[in-house]
file final.txt (compact mmCIF, C-alpha atoms and all ligand atoms)
# COMPACT_ATOMS: atom_id res chain seq x y z
CA MET A 1 -30.03 -90.05 -110.21
CA PRO A 2 -33.08 -87.99 -111.23
CA ILE A 3 -35.84 -87.75 -108.65
CA THR A 4 -39.59 -87.64 -109.28
CA VAL A 5 -41.80 -86.25 -106.52
CA VAL A 6 -45.58 -86.36 -106.38
CA GLY A 7 -47.49 -84.37 -103.80
CA SER A 8 -49.24 -81.16 -102.96
CA ILE A 9 -48.41 -77.87 -104.64
CA ALA A 10 -50.19 -75.35 -102.49
CA TYR A 11 -51.05 -71.93 -101.31
CA ASP A 12 -50.45 -71.73 -97.56
CA THR A 13 -51.78 -69.16 -95.12
CA VAL A 14 -49.72 -69.38 -91.97
CA LYS A 15 -49.65 -67.59 -88.61
CA THR A 16 -46.82 -68.06 -86.13
CA PRO A 17 -45.94 -66.00 -83.02
CA PHE A 18 -43.50 -64.12 -85.26
CA GLY A 19 -45.77 -63.03 -88.07
CA ALA A 20 -48.15 -64.21 -90.74
CA ARG A 21 -48.30 -64.81 -94.47
CA GLU A 22 -51.31 -65.14 -96.77
CA ARG A 23 -51.39 -67.53 -99.71
CA MET A 24 -47.65 -68.05 -99.96
CA LEU A 25 -46.19 -70.79 -102.13
CA GLY A 26 -46.18 -74.10 -100.25
CA GLY A 27 -47.09 -77.73 -100.51
CA ALA A 28 -45.17 -80.88 -99.69
CA ALA A 29 -43.90 -81.42 -103.24
CA VAL A 30 -42.66 -77.83 -103.45
CA HIS A 31 -40.73 -77.94 -100.16
CA PHE A 32 -39.30 -81.34 -101.05
CA ALA A 33 -38.28 -80.31 -104.57
CA LEU A 34 -36.54 -77.10 -103.50
CA ALA A 35 -34.44 -79.00 -100.94
CA ALA A 36 -33.65 -81.95 -103.21
CA SER A 37 -32.64 -79.61 -106.04
CA PHE A 38 -29.39 -78.88 -104.19
CA PHE A 39 -28.37 -82.48 -104.83
CA ASP A 40 -29.87 -83.73 -108.09
CA GLU A 41 -32.32 -83.25 -110.94
CA VAL A 42 -35.92 -83.05 -109.69
CA ARG A 43 -39.21 -83.55 -111.54
CA VAL A 44 -42.42 -82.43 -109.85
CA VAL A 45 -45.77 -84.10 -110.51
CA GLY A 46 -48.98 -82.54 -109.20
CA PRO A 47 -52.00 -80.44 -110.09
CA VAL A 48 -52.52 -76.69 -109.69
CA GLY A 49 -55.55 -74.52 -110.39
CA GLU A 50 -56.10 -71.58 -112.67
CA ASP A 51 -55.20 -69.33 -109.75
CA PHE A 52 -51.61 -70.60 -109.68
CA GLY A 53 -49.25 -67.90 -110.87
CA GLU A 54 -46.37 -68.09 -113.30
CA GLU A 55 -44.23 -66.40 -110.66
CA GLN A 56 -44.77 -69.41 -108.36
CA LEU A 57 -43.59 -71.81 -111.05
CA ALA A 58 -40.63 -69.50 -111.61
CA VAL A 59 -39.50 -70.18 -108.02
CA LEU A 60 -39.14 -73.85 -108.93
CA ARG A 61 -37.66 -73.18 -112.37
CA ALA A 62 -35.04 -70.92 -110.78
CA ARG A 63 -33.65 -74.03 -109.09
CA ASN A 64 -33.76 -75.96 -112.35
CA ILE A 65 -36.68 -78.09 -111.20
CA ASP A 66 -38.60 -79.71 -114.06
CA VAL A 67 -42.23 -78.53 -113.84
CA SER A 68 -43.49 -80.00 -117.09
CA ASP A 69 -45.68 -82.48 -115.14
CA VAL A 70 -47.27 -79.75 -113.06
CA GLU A 71 -50.75 -79.96 -114.50
CA ARG A 72 -52.87 -76.81 -114.61
CA ILE A 73 -56.55 -77.74 -114.27
CA GLU A 74 -58.81 -75.28 -116.07
CA GLY A 75 -61.42 -73.76 -113.80
CA GLY A 76 -59.80 -75.48 -110.80
CA LYS A 77 -58.43 -74.07 -107.55
CA THR A 78 -54.98 -74.80 -106.17
CA PHE A 79 -54.73 -76.87 -102.95
CA PHE A 80 -55.05 -74.50 -100.00
CA TRP A 81 -53.88 -75.03 -96.42
CA GLN A 82 -54.17 -72.73 -93.44
CA GLY A 83 -52.46 -73.30 -90.12
CA GLU A 84 -51.54 -71.56 -86.91
CA TYR A 85 -48.71 -72.40 -84.50
CA GLY A 86 -48.63 -72.17 -80.70
CA TRP A 87 -46.15 -70.00 -78.79
CA ASP A 88 -43.29 -72.54 -78.76
CA LEU A 89 -44.03 -73.67 -82.35
CA ASN A 90 -44.44 -77.27 -81.20
CA SER A 91 -48.19 -77.33 -81.65
CA ARG A 92 -49.90 -76.61 -84.92
CA GLU A 93 -53.59 -76.30 -85.62
CA THR A 94 -54.91 -76.83 -89.12
CA LEU A 95 -57.63 -74.22 -89.63
CA ASP A 96 -58.54 -75.03 -93.22
CA THR A 97 -57.70 -77.56 -95.92
CA GLN A 98 -59.22 -77.15 -99.37
CA LEU A 99 -58.30 -79.99 -101.70
CA GLY A 100 -59.31 -78.06 -104.81
CA VAL A 101 -57.73 -79.69 -107.86
CA PHE A 102 -56.55 -82.63 -105.74
CA GLU A 103 -60.14 -83.85 -105.68
CA GLY A 104 -60.36 -86.40 -108.48
CA PHE A 105 -56.68 -85.96 -109.40
CA ALA A 106 -55.36 -88.81 -111.52
CA PRO A 107 -51.58 -88.47 -111.80
CA LYS A 108 -50.33 -88.55 -115.38
CA LEU A 109 -46.59 -88.99 -115.50
CA SER A 110 -44.61 -88.17 -118.60
CA GLU A 111 -42.08 -90.63 -119.98
CA GLN A 112 -39.42 -88.44 -118.38
CA SER A 113 -40.96 -88.56 -114.87
CA ARG A 114 -41.49 -92.31 -115.16
CA SER A 115 -37.84 -92.84 -116.02
CA SER A 116 -36.49 -91.43 -112.72
CA ASP A 117 -34.42 -93.76 -110.56
CA VAL A 118 -35.63 -92.19 -107.35
CA LEU A 119 -39.25 -91.51 -106.32
CA PHE A 120 -40.65 -89.55 -103.40
CA LEU A 121 -44.32 -90.07 -102.56
CA ALA A 122 -45.13 -86.99 -100.52
CA ASN A 123 -48.07 -86.91 -98.16
CA ILE A 124 -51.13 -87.59 -100.33
CA GLN A 125 -53.95 -90.13 -100.41
CA PRO A 126 -52.25 -93.56 -100.15
CA ASP A 127 -54.18 -94.91 -103.16
CA LEU A 128 -52.65 -92.12 -105.24
CA GLN A 129 -49.22 -92.98 -103.84
CA ARG A 130 -49.70 -96.60 -104.92
CA GLU A 131 -50.92 -95.52 -108.36
CA VAL A 132 -47.78 -93.42 -108.89
CA ARG A 133 -45.54 -96.14 -107.45
CA SER A 134 -46.93 -98.59 -110.01
CA GLN A 135 -45.89 -96.19 -112.79
CA LEU A 136 -42.21 -96.38 -111.73
CA PRO A 137 -41.69 -100.13 -111.25
CA GLN A 138 -37.96 -99.86 -111.96
CA ALA A 139 -37.18 -97.06 -109.49
CA ARG A 140 -34.08 -97.91 -107.45
CA PHE A 141 -35.05 -95.99 -104.32
CA VAL A 142 -38.59 -95.09 -103.28
CA ALA A 143 -39.48 -93.12 -100.15
CA LEU A 144 -42.87 -92.21 -98.69
CA ASP A 145 -44.29 -89.69 -96.24
CA SER A 146 -47.81 -89.68 -94.80
CA MET A 147 -49.86 -88.17 -91.97
CA ASN A 148 -52.30 -89.00 -89.18
CA LEU A 149 -55.32 -88.31 -91.44
CA TRP A 150 -54.48 -91.29 -93.71
CA ILE A 151 -53.68 -93.53 -90.73
CA ASP A 152 -57.19 -92.67 -89.45
CA ILE A 153 -59.17 -93.10 -92.65
CA ALA A 154 -57.10 -95.20 -95.07
CA ARG A 155 -54.78 -97.34 -92.95
CA ASP A 156 -55.03 -100.51 -95.07
CA SER A 157 -54.15 -98.65 -98.24
CA LEU A 158 -51.27 -96.88 -96.46
CA VAL A 159 -49.89 -100.18 -95.16
CA ALA A 160 -50.03 -101.56 -98.71
CA ALA A 161 -48.25 -98.44 -100.02
CA ILE A 162 -45.54 -98.79 -97.36
CA ALA A 163 -44.99 -102.43 -98.25
CA ASP A 164 -43.87 -101.34 -101.70
CA VAL A 165 -41.31 -98.66 -100.82
CA ASP A 166 -37.73 -98.71 -99.50
CA CYS A 167 -37.93 -95.86 -97.01
CA VAL A 168 -40.67 -94.54 -94.72
CA ILE A 169 -40.33 -91.02 -93.31
CA LEU A 170 -42.89 -90.23 -90.58
CA ASN A 171 -43.25 -88.18 -87.42
CA ASP A 172 -42.57 -90.33 -84.36
CA ALA A 173 -46.18 -89.95 -83.15
CA GLU A 174 -47.41 -91.14 -86.54
CA LEU A 175 -45.18 -94.23 -86.40
CA ARG A 176 -46.64 -95.09 -83.00
CA GLN A 177 -50.20 -94.48 -84.24
CA LEU A 178 -49.63 -96.52 -87.40
CA THR A 179 -48.35 -99.58 -85.53
CA GLY A 180 -50.20 -99.21 -82.23
CA LYS A 181 -46.83 -99.61 -80.50
CA PRO A 182 -45.94 -97.03 -77.84
CA ASN A 183 -42.19 -97.67 -78.18
CA LEU A 184 -40.57 -95.95 -81.14
CA VAL A 185 -37.92 -98.60 -81.81
CA SER A 186 -40.50 -101.42 -81.67
CA ALA A 187 -42.81 -99.41 -83.93
CA ALA A 188 -40.03 -98.96 -86.49
CA ARG A 189 -39.09 -102.66 -86.29
CA GLU A 190 -42.72 -103.55 -86.96
CA VAL A 191 -42.77 -101.41 -90.13
CA LEU A 192 -39.47 -102.98 -91.22
CA SER A 193 -41.22 -106.35 -91.13
CA TRP A 194 -43.88 -105.29 -93.68
CA SER A 195 -43.28 -106.26 -97.24
CA SER A 196 -45.48 -106.65 -100.28
CA ALA A 197 -46.77 -109.91 -101.73
CA GLU A 198 -44.71 -109.17 -104.84
CA SER A 199 -41.68 -108.89 -102.62
CA ALA A 200 -42.31 -112.28 -101.07
CA ALA A 201 -42.72 -113.69 -104.57
CA GLY A 202 -39.44 -112.12 -105.65
CA GLY A 203 -41.20 -109.46 -107.74
CA ARG A 204 -40.62 -105.72 -107.85
CA GLY A 205 -41.84 -104.96 -104.32
CA ARG A 206 -39.20 -104.97 -101.64
CA GLY A 207 -40.67 -103.64 -98.47
CA PRO A 208 -39.13 -100.91 -96.34
CA SER A 209 -35.54 -101.24 -95.15
CA VAL A 210 -35.12 -97.68 -93.85
CA ILE A 211 -37.36 -95.98 -91.28
CA VAL A 212 -36.86 -92.32 -90.40
CA ALA A 213 -38.74 -90.95 -87.39
CA LYS A 214 -38.94 -87.15 -87.40
CA GLN A 215 -39.04 -85.62 -83.94
CA GLY A 216 -39.46 -81.93 -84.69
CA GLU A 217 -37.16 -79.67 -82.70
CA TYR A 218 -35.59 -82.78 -81.11
CA GLY A 219 -34.20 -84.05 -84.40
CA ALA A 220 -34.69 -87.36 -86.14
CA ALA A 221 -33.91 -91.05 -85.69
CA LEU A 222 -32.92 -93.62 -88.30
CA ILE A 223 -33.81 -97.26 -87.80
CA THR A 224 -32.63 -99.99 -90.19
CA ARG A 225 -32.23 -103.75 -89.82
CA GLU A 226 -28.53 -103.12 -89.17
CA GLY A 227 -28.73 -100.38 -86.62
CA PHE A 228 -29.89 -97.13 -85.09
CA PHE A 229 -28.74 -93.54 -85.51
CA ALA A 230 -30.07 -90.24 -84.24
CA LEU A 231 -29.25 -86.59 -84.75
CA PRO A 232 -30.54 -83.57 -82.86
CA ALA A 233 -32.03 -80.72 -84.83
CA TYR A 234 -29.48 -78.00 -85.61
CA PRO A 235 -29.89 -75.60 -82.65
CA LEU A 236 -31.34 -72.30 -83.85
CA GLU A 237 -32.07 -69.32 -81.65
CA SER A 238 -34.64 -68.01 -84.02
CA VAL A 239 -37.27 -70.24 -85.59
CA ILE A 240 -39.89 -68.32 -87.55
CA ASP A 241 -42.08 -70.85 -89.38
CA PRO A 242 -41.78 -74.67 -89.23
CA THR A 243 -44.14 -75.20 -92.19
CA GLY A 244 -42.59 -77.60 -94.67
CA ALA A 245 -39.72 -78.60 -92.38
CA GLY A 246 -40.63 -82.28 -92.72
CA ASP A 247 -40.76 -82.13 -96.51
CA THR A 248 -37.54 -80.14 -96.67
CA PHE A 249 -35.94 -82.77 -94.43
CA ALA A 250 -37.15 -85.48 -96.82
CA GLY A 251 -35.79 -83.50 -99.79
CA GLY A 252 -32.37 -83.33 -98.17
CA LEU A 253 -32.39 -87.03 -97.27
CA VAL A 254 -33.68 -88.40 -100.57
CA GLY A 255 -31.68 -85.84 -102.58
CA TYR A 256 -28.44 -86.87 -100.90
CA ILE A 257 -29.12 -90.56 -101.56
CA ALA A 258 -30.00 -89.82 -105.21
CA ALA A 259 -26.72 -87.95 -105.63
CA HIS A 260 -24.73 -91.05 -104.59
CA PRO A 261 -25.84 -93.62 -107.18
CA GLY A 262 -22.70 -95.69 -106.98
CA GLU A 263 -22.92 -96.26 -103.24
CA LYS A 264 -24.70 -99.13 -101.55
CA LEU A 265 -27.57 -98.02 -99.32
CA SER A 266 -25.47 -98.56 -96.19
CA ASP A 267 -26.05 -97.12 -92.72
CA GLU A 268 -22.96 -95.00 -93.33
CA LEU A 269 -24.53 -93.35 -96.40
CA LEU A 270 -27.85 -92.98 -94.58
CA ARG A 271 -26.16 -91.19 -91.67
CA ARG A 272 -24.66 -88.61 -94.02
CA ALA A 273 -28.05 -88.24 -95.70
CA MET A 274 -29.64 -87.64 -92.26
CA ALA A 275 -27.14 -84.86 -91.60
CA HIS A 276 -27.94 -83.14 -94.89
CA ALA A 277 -31.67 -83.53 -94.24
CA THR A 278 -31.26 -81.98 -90.78
CA VAL A 279 -29.31 -79.03 -92.15
CA LEU A 280 -31.76 -78.34 -95.00
CA ALA A 281 -34.70 -78.42 -92.57
CA SER A 282 -32.90 -76.02 -90.24
CA PHE A 283 -32.63 -73.42 -92.98
CA ASN A 284 -36.27 -73.88 -93.95
CA VAL A 285 -37.59 -72.87 -90.52
CA GLU A 286 -35.55 -69.66 -90.33
CA GLU A 287 -38.07 -67.78 -92.46
CA PHE A 288 -41.64 -68.15 -93.74
CA GLY A 289 -42.52 -70.81 -96.31
CA THR A 290 -39.93 -71.18 -99.04
CA GLU A 291 -38.32 -67.75 -98.44
CA ARG A 292 -35.05 -68.95 -96.93
CA ILE A 293 -34.49 -72.00 -99.12
CA THR A 294 -34.89 -69.98 -102.30
CA ARG A 295 -31.95 -67.81 -101.18
CA LEU A 296 -29.86 -70.68 -99.82
CA THR A 297 -26.44 -71.51 -101.26
CA GLY A 298 -24.46 -74.75 -101.38
CA LYS A 299 -21.71 -73.01 -99.43
CA GLU A 300 -24.07 -72.30 -96.52
CA ILE A 301 -25.18 -75.95 -96.48
CA VAL A 302 -21.60 -77.22 -96.37
CA ALA A 303 -20.69 -74.81 -93.55
CA ARG A 304 -23.64 -75.90 -91.41
CA ILE A 305 -22.90 -79.59 -92.05
CA GLY A 306 -19.45 -78.91 -90.56
CA GLU A 307 -21.00 -77.28 -87.49
CA LEU A 308 -23.50 -80.12 -87.02
CA HIS A 309 -20.70 -82.63 -87.33
CA ALA A 310 -18.61 -80.84 -84.71
CA MET A 311 -21.46 -80.57 -82.24
CA THR A 312 -22.48 -84.24 -82.44
CA GLN A 313 -19.00 -85.75 -81.84
CA PHE A 314 -17.67 -87.14 -78.60
CA SER A 315 -14.63 -89.20 -77.81
CA GLY A 316 -15.17 -92.93 -77.53
CA ALA A 317 -12.86 -93.29 -74.52
CA SER A 318 -14.77 -94.51 -71.51
CA LEU A 319 -13.90 -94.06 -67.85
CA GLU A 320 -13.08 -97.19 -65.90
CA LEU A 321 -16.10 -97.41 -63.70
CA ARG A 322 -16.35 -98.67 -60.15
CA GLY A 323 -18.27 -101.81 -59.43
P1 LIG B 401 -44.97 -80.12 -93.03
O1 LIG B 401 -44.85 -78.85 -92.24
O2 LIG B 401 -43.66 -80.70 -93.46
O3 LIG B 401 -45.89 -81.11 -92.37
O4 LIG B 401 -45.67 -79.74 -94.43
C1 LIG B 401 -46.58 -78.68 -94.55
C2 LIG B 401 -46.95 -78.54 -96.03
O5 LIG B 401 -47.81 -79.64 -96.38
C3 LIG B 401 -47.70 -77.27 -96.31
O6 LIG B 401 -46.97 -76.52 -97.28
C4 LIG B 401 -49.06 -77.70 -96.84
O7 LIG B 401 -49.43 -77.05 -98.02
C5 LIG B 401 -48.95 -79.17 -97.07
N1 LIG B 401 -50.11 -79.90 -96.53
C6 LIG B 401 -50.80 -79.66 -95.39
N2 LIG B 401 -51.83 -80.54 -95.25
C7 LIG B 401 -51.77 -81.38 -96.32
C8 LIG B 401 -52.56 -82.51 -96.78
N3 LIG B 401 -53.64 -82.94 -96.10
N4 LIG B 401 -52.19 -83.11 -97.93
C9 LIG B 401 -51.12 -82.69 -98.62
N5 LIG B 401 -50.35 -81.63 -98.27
C10 LIG B 401 -50.65 -80.98 -97.14

call {"tool": "encode", "arguments": {"input": "final.txt", "output": "structure tokens"}}
result
Amino acid sequence: MPITVVGSIAYDTVKTPFGARERMLGGAAVHFALAASFFDEVRVVGPVGEDFGEEQLAVLRARNIDVSDVERIEGGKTFFWQGEYGWDLNSRETLDTQLGVFEGFAPKLSEQSRSSDVLFLANIQPDLQREVRSQLPQARFVALDSMNLWIDIARDSLVAAIADVDCVILNDAELRQLTGKPNLVSAAREVLSWSSAESAAGGRGRGPSVIVAKQGEYGAALITREGFFALPAYPLESVIDPTGAGDTFAGGLVGYIAAHPGEKLSDELLRRAMAHATVLASFNVEEFGTERITRLTGKEIVARIGELHAMTQFSGASLELRG
């Protein structure tokens, strides 16, 4: 099923203990789209400035991503983000964020982008997420990402946006912050209980039924009404740049679900999607920005899925315990 993604298309300046890059191609929508393109057709919606190069668009086109709704704003500047990571890569400081063309951005979706069955609302202003969501009322699967900034300054709008999607993908700390619940499982259960007024009235809104809590190098957890599942991150000895790992993870997850249109959204399907998300994210962090994913092959993904599968199995036989 074709996927539409709306979110940032950016220039990122990044410093990690292993090197630095200036104004490399980045942005949540870009990382998501590259990952999801291994599974299905992807359409990107978002603004760029006059400074955005054809060679950057070519990176997306090379993976057959539809960029016809990437809007170039005359006289505008592309979204810019600058960050620096601590020595173990677990802490990240944002040094600069320049919204550029995102200021005053009103998403215009073509007929094509509006016809997608799957929608990913990457981390942007929740009002914009709701605006885009309303343009795809028939989408069969809608997922959303967000960040602490929007929980701080636009919580009500974010809660309303969440109530109208199927799947929420957040960092575990953000889930706790959003709900005010210190326990991750309780926090996820709370979000599962949110649903839109339209949903209650039997309209198009449904409310979230899938919560994914990203836990960085520790992996990710899946919480649904039916159950719980968790996977560790794929163990890598060399991590170079975690930028975009979360969006790449989302691209793997949502892409895998989109590529299985005939299957019910069961926990079994979601577990396989989590594995693909984990593997895609693991490749992303091996090099700076989009460098590794643009060279990635389907064969490499399949091989790593096999390794992840092997390392997360254990026999169900239990010892007869004393007492
Ligand atoms: P992640 O590492 O998955 O959190 O995503 C990092 C990507 O998100 C970078 O490529 C940035 O360009 C982009 N980004 C950073 N801050 C923001 C923001 N406030 N809004 C939208 N995108 C952002």

call {"tool": "residues_near_ligand", "arguments": {"input": "final.txt", "ligand": "ligand LIG 401 (chain B)", "cutoff": "8 Å", "atoms": "all atoms listed in the file", "output": "MDAnalysis selection string"}}
result
chainID A and resid 7:12 25:28 30:31 79:82 94 97 99 122:125 147 149 242:248 289

call {"tool": "residues_near_point", "arguments": {"input": "final.txt", "point": "(-54.1, -85.1, -109.3)", "cutoff": "10 Å", "atoms": "only C-alpha atoms", "output": "ChimeraX atom specification"}}
result
/A:6-8,45-48,70-73,100-108,124,128

call {"tool": "closest_residue", "arguments": {"input": "final.txt", "among": "A:Tyr256, A:Phe229, A:Phe120, A:Phe18", "to": "Phe141 in chain A", "atoms": "all atoms listed in the file"}}
result
A:Phe120

call {"tool": "residues_near_point", "arguments": {"input": "final.txt", "point": "(-39.1, -82.0, -111.2)", "cutoff": "7 Å", "atoms": "all atoms listed in the file", "output": "number ranges by chain"}}
result
A: 4-5, 33, 41-44, 65-67

call {"tool": "closest_residue", "arguments": {"input": "final.txt", "among": "A:Phe288, A:Tyr85, A:Tyr218, A:Phe38", "to": "Arg63 in chain A", "atoms": "only C-alpha atoms"}}
result
A:Phe38

call {"tool": "atom_distance", "arguments": {"input": "final.txt", "atom1": "CA of Val142 in chain A", "atom2": "CA of Val212 in chain A"}}
result
13.3 Å

call {"tool": "closest_residue", "arguments": {"input": "final.txt", "among": "A:Gln135, A:Val285, A:Pro208, A:Val185", "to": "Ile162 in chain A", "atoms": "all atoms listed in the file"}}
result
A:Pro208

call {"tool": "atom_distance", "arguments": {"input": "final.txt", "atom1": "CA of Pro17 in chain A", "atom2": "CA of Asp241 in chain A"}}
result
8.9 Å

call {"tool": "atom_distance", "arguments": {"input": "final.txt", "atom1": "CA of Pro2 in chain A", "atom2": "CA of Gly255 in chain A"}}
result
9.0 Å

call {"tool": "closest_residue", "arguments": {"input": "final.txt", "among": "A:Met1, A:Leu34, A:Val254, A:Ala163", "to": "Asn64 in chain A", "atoms": "all atoms listed in the file"}}
result
A:Leu34

call {"tool": "closest_residue", "arguments": {"input": "final.txt", "among": "A:Pro137, A:Pro235, A:Gly216, A:Gly53", "to": "Met24 in chain A", "atoms": "all atoms listed in the file"}}
result
A:Gly53

call {"tool": "closest_residue", "arguments": {"input": "final.txt", "among": "A:Glu307, A:Glu287, A:Glu190, A:Glu226", "to": "Asp267 in chain A", "atoms": "only C-alpha atoms"}}
result
A:Glu226

call {"tool": "residues_around", "arguments": {"input": "final.txt", "residues": "Ala277 in chain A", "least_positions_apart": "4", "cutoff": "8 Å", "atoms": "only C-alpha atoms", "output": "PyMOL selection string"}}
result
chain A and resi 248-253+273+281

call {"tool": "closest_atom_pairs", "arguments": {"input": "final.txt", "of": "range 206-289 of chain A", "to": "range 308-315 of chain A", "cutoff": "8 Å", "atoms": "all atoms listed in the file", "output": "JSON lines"}}
result
{"residue": "A:Leu231", "atom": "CA", "partner": "A:Thr312", "partner_atom": "CA", "distance": 7.5}
{"residue": "A:Tyr234", "atom": "CA", "partner": "A:Leu308", "partner_atom": "CA", "distance": 6.5}
{"residue": "A:Ala275", "atom": "CA", "partner": "A:Leu308", "partner_atom": "CA", "distance": 7.5}
{"residue": "A:Val279", "atom": "CA", "partner": "A:Leu308", "partner_atom": "CA", "distance": 7.8}

call {"tool": "residues_around", "arguments": {"input": "final.txt", "residues": "Gly86 in chain A", "least_positions_apart": "2", "cutoff": "12 Å", "atoms": "only C-alpha atoms", "output": "list in words"}}
result
Val14, Lys15, Thr16, Pro17, Phe18, Gly83, Glu84, Asp88, Leu89, Asn90, Ser91, Arg92, Glu93, Thr94, Ile240, Asp241 and Pro242 of chain A

call {"tool": "closest_atom_pairs", "arguments": {"input": "final.txt", "of": "range 61-164 of chain A", "to": "range 168-176 of chain A", "cutoff": "6 Å", "atoms": "all atoms listed in the file", "output": "CSV"}}
result
residue,atom,partner,partner_atom,distance
A:Ala143,CA,A:Val168,CA,5.7
A:Leu144,CA,A:Val168,CA,5.1
A:Asp145,CA,A:Ile169,CA,5.1
A:Asn148,CA,A:Glu174,CA,6.0

call {"tool": "decode", "arguments": {"input": "final.txt", "residues": "range 106-125 of chain A", "atoms": "N, CA and C atoms", "output": "PDB file, in the first residue's frame"}}
result
ATOM      1  N   ALA A 106       1.960  25.499   4.847  1.00  0.00           N
ATOM      2  CA  ALA A 106       0.608  24.931   4.780  1.00  0.00           C
ATOM      3  C   ALA A 106       0.675  23.768   3.805  1.00  0.00           C
ATOM      4  N   PRO A 107       0.616  22.534   4.322  1.00  0.00           N
ATOM      5  CA  PRO A 107       0.811  21.379   3.448  1.00  0.00           C
ATOM      6  C   PRO A 107      -0.250  21.276   2.351  1.00  0.00           C
ATOM      7  N   LYS A 108       0.250  21.204   1.111  1.00  0.00           N
ATOM      8  CA  LYS A 108      -0.677  20.996  -0.015  1.00  0.00           C
ATOM      9  C   LYS A 108      -0.390  19.620  -0.575  1.00  0.00           C
ATOM     10  N   LEU A 109      -1.349  18.731  -0.437  1.00  0.00           N
ATOM     11  CA  LEU A 109      -1.137  17.360  -0.903  1.00  0.00           C
ATOM     12  C   LEU A 109      -1.789  17.162  -2.260  1.00  0.00           C
ATOM     13  N   SER A 110      -1.047  16.566  -3.166  1.00  0.00           N
ATOM     14  CA  SER A 110      -1.611  16.251  -4.476  1.00  0.00           C
ATOM     15  C   SER A 110      -2.650  15.134  -4.311  1.00  0.00           C
ATOM     16  N   GLU A 111      -3.429  14.963  -5.366  1.00  0.00           N
ATOM     17  CA  GLU A 111      -4.419  13.872  -5.398  1.00  0.00           C
ATOM     18  C   GLU A 111      -3.742  12.539  -5.066  1.00  0.00           C
ATOM     19  N   GLN A 112      -2.555  12.373  -5.668  1.00  0.00           N
ATOM     20  CA  GLN A 112      -1.769  11.150  -5.488  1.00  0.00           C
ATOM     21  C   GLN A 112      -1.419  10.912  -4.017  1.00  0.00           C
ATOM     22  N   SER A 113      -0.882  11.958  -3.352  1.00  0.00           N
ATOM     23  CA  SER A 113      -0.484  11.808  -1.939  1.00  0.00           C
ATOM     24  C   SER A 113      -1.689  11.592  -1.049  1.00  0.00           C
ATOM     25  N   ARG A 114      -2.829  12.177  -1.439  1.00  0.00           N
ATOM     26  CA  ARG A 114      -4.039  12.012  -0.621  1.00  0.00           C
ATOM     27  C   ARG A 114      -4.661  10.624  -0.786  1.00  0.00           C
ATOM     28  N   SER A 115      -4.246   9.931  -1.850  1.00  0.00           N
ATOM     29  CA  SER A 115      -4.868   8.627  -2.107  1.00  0.00           C
ATOM     30  C   SER A 115      -4.131   7.473  -1.420  1.00  0.00           C
ATOM     31  N   SER A 116      -3.024   7.781  -0.708  1.00  0.00           N
ATOM     32  CA  SER A 116      -2.262   6.695  -0.063  1.00  0.00           C
ATOM     33  C   SER A 116      -3.090   6.011   1.015  1.00  0.00           C
ATOM     34  N   ASP A 117      -2.839   4.720   1.193  1.00  0.00           N
ATOM     35  CA  ASP A 117      -3.548   3.954   2.228  1.00  0.00           C
ATOM     36  C   ASP A 117      -2.880   4.087   3.585  1.00  0.00           C
ATOM     37  N   VAL A 118      -1.608   4.462   3.548  1.00  0.00           N
ATOM     38  CA  VAL A 118      -0.829   4.535   4.779  1.00  0.00           C
ATOM     39  C   VAL A 118      -0.248   5.942   4.894  1.00  0.00           C
ATOM     40  N   LEU A 119      -0.280   6.495   6.118  1.00  0.00           N
ATOM     41  CA  LEU A 119       0.203   7.865   6.349  1.00  0.00           C
ATOM     42  C   LEU A 119       1.129   7.873   7.551  1.00  0.00           C
ATOM     43  N   PHE A 120       2.290   8.534   7.395  1.00  0.00           N
ATOM     44  CA  PHE A 120       3.159   8.740   8.545  1.00  0.00           C
ATOM     45  C   PHE A 120       3.302  10.230   8.799  1.00  0.00           C
ATOM     46  N   LEU A 121       2.902  10.648   9.995  1.00  0.00           N
ATOM     47  CA  LEU A 121       3.017  12.040  10.419  1.00  0.00           C
ATOM     48  C   LEU A 121       4.299  12.138  11.229  1.00  0.00           C
ATOM     49  N   ALA A 122       5.376  12.551  10.554  1.00  0.00           N
ATOM     50  CA  ALA A 122       6.655  12.659  11.255  1.00  0.00           C
ATOM     51  C   ALA A 122       6.579  13.838  12.223  1.00  0.00           C
ATOM     52  N   ASN A 123       7.635  13.957  13.015  1.00  0.00           N
ATOM     53  CA  ASN A 123       7.671  14.962  14.064  1.00  0.00           C
ATOM     54  C   ASN A 123       7.585  16.388  13.518  1.00  0.00           C
ATOM     55  N   ILE A 124       6.373  16.944  13.512  1.00  0.00           N
ATOM     56  CA  ILE A 124       6.174  18.366  13.178  1.00  0.00           C
ATOM     57  C   ILE A 124       5.100  18.907  14.113  1.00  0.00           C
ATOM     58  N   GLN A 125       4.846  20.186  14.014  1.00  0.00           N
ATOM     59  CA  GLN A 125       3.812  20.854  14.798  1.00  0.00           C
ATOM     60  C   GLN A 125       2.516  20.020  14.768  1.00  0.00           C
TER      61      GLN A 125
END
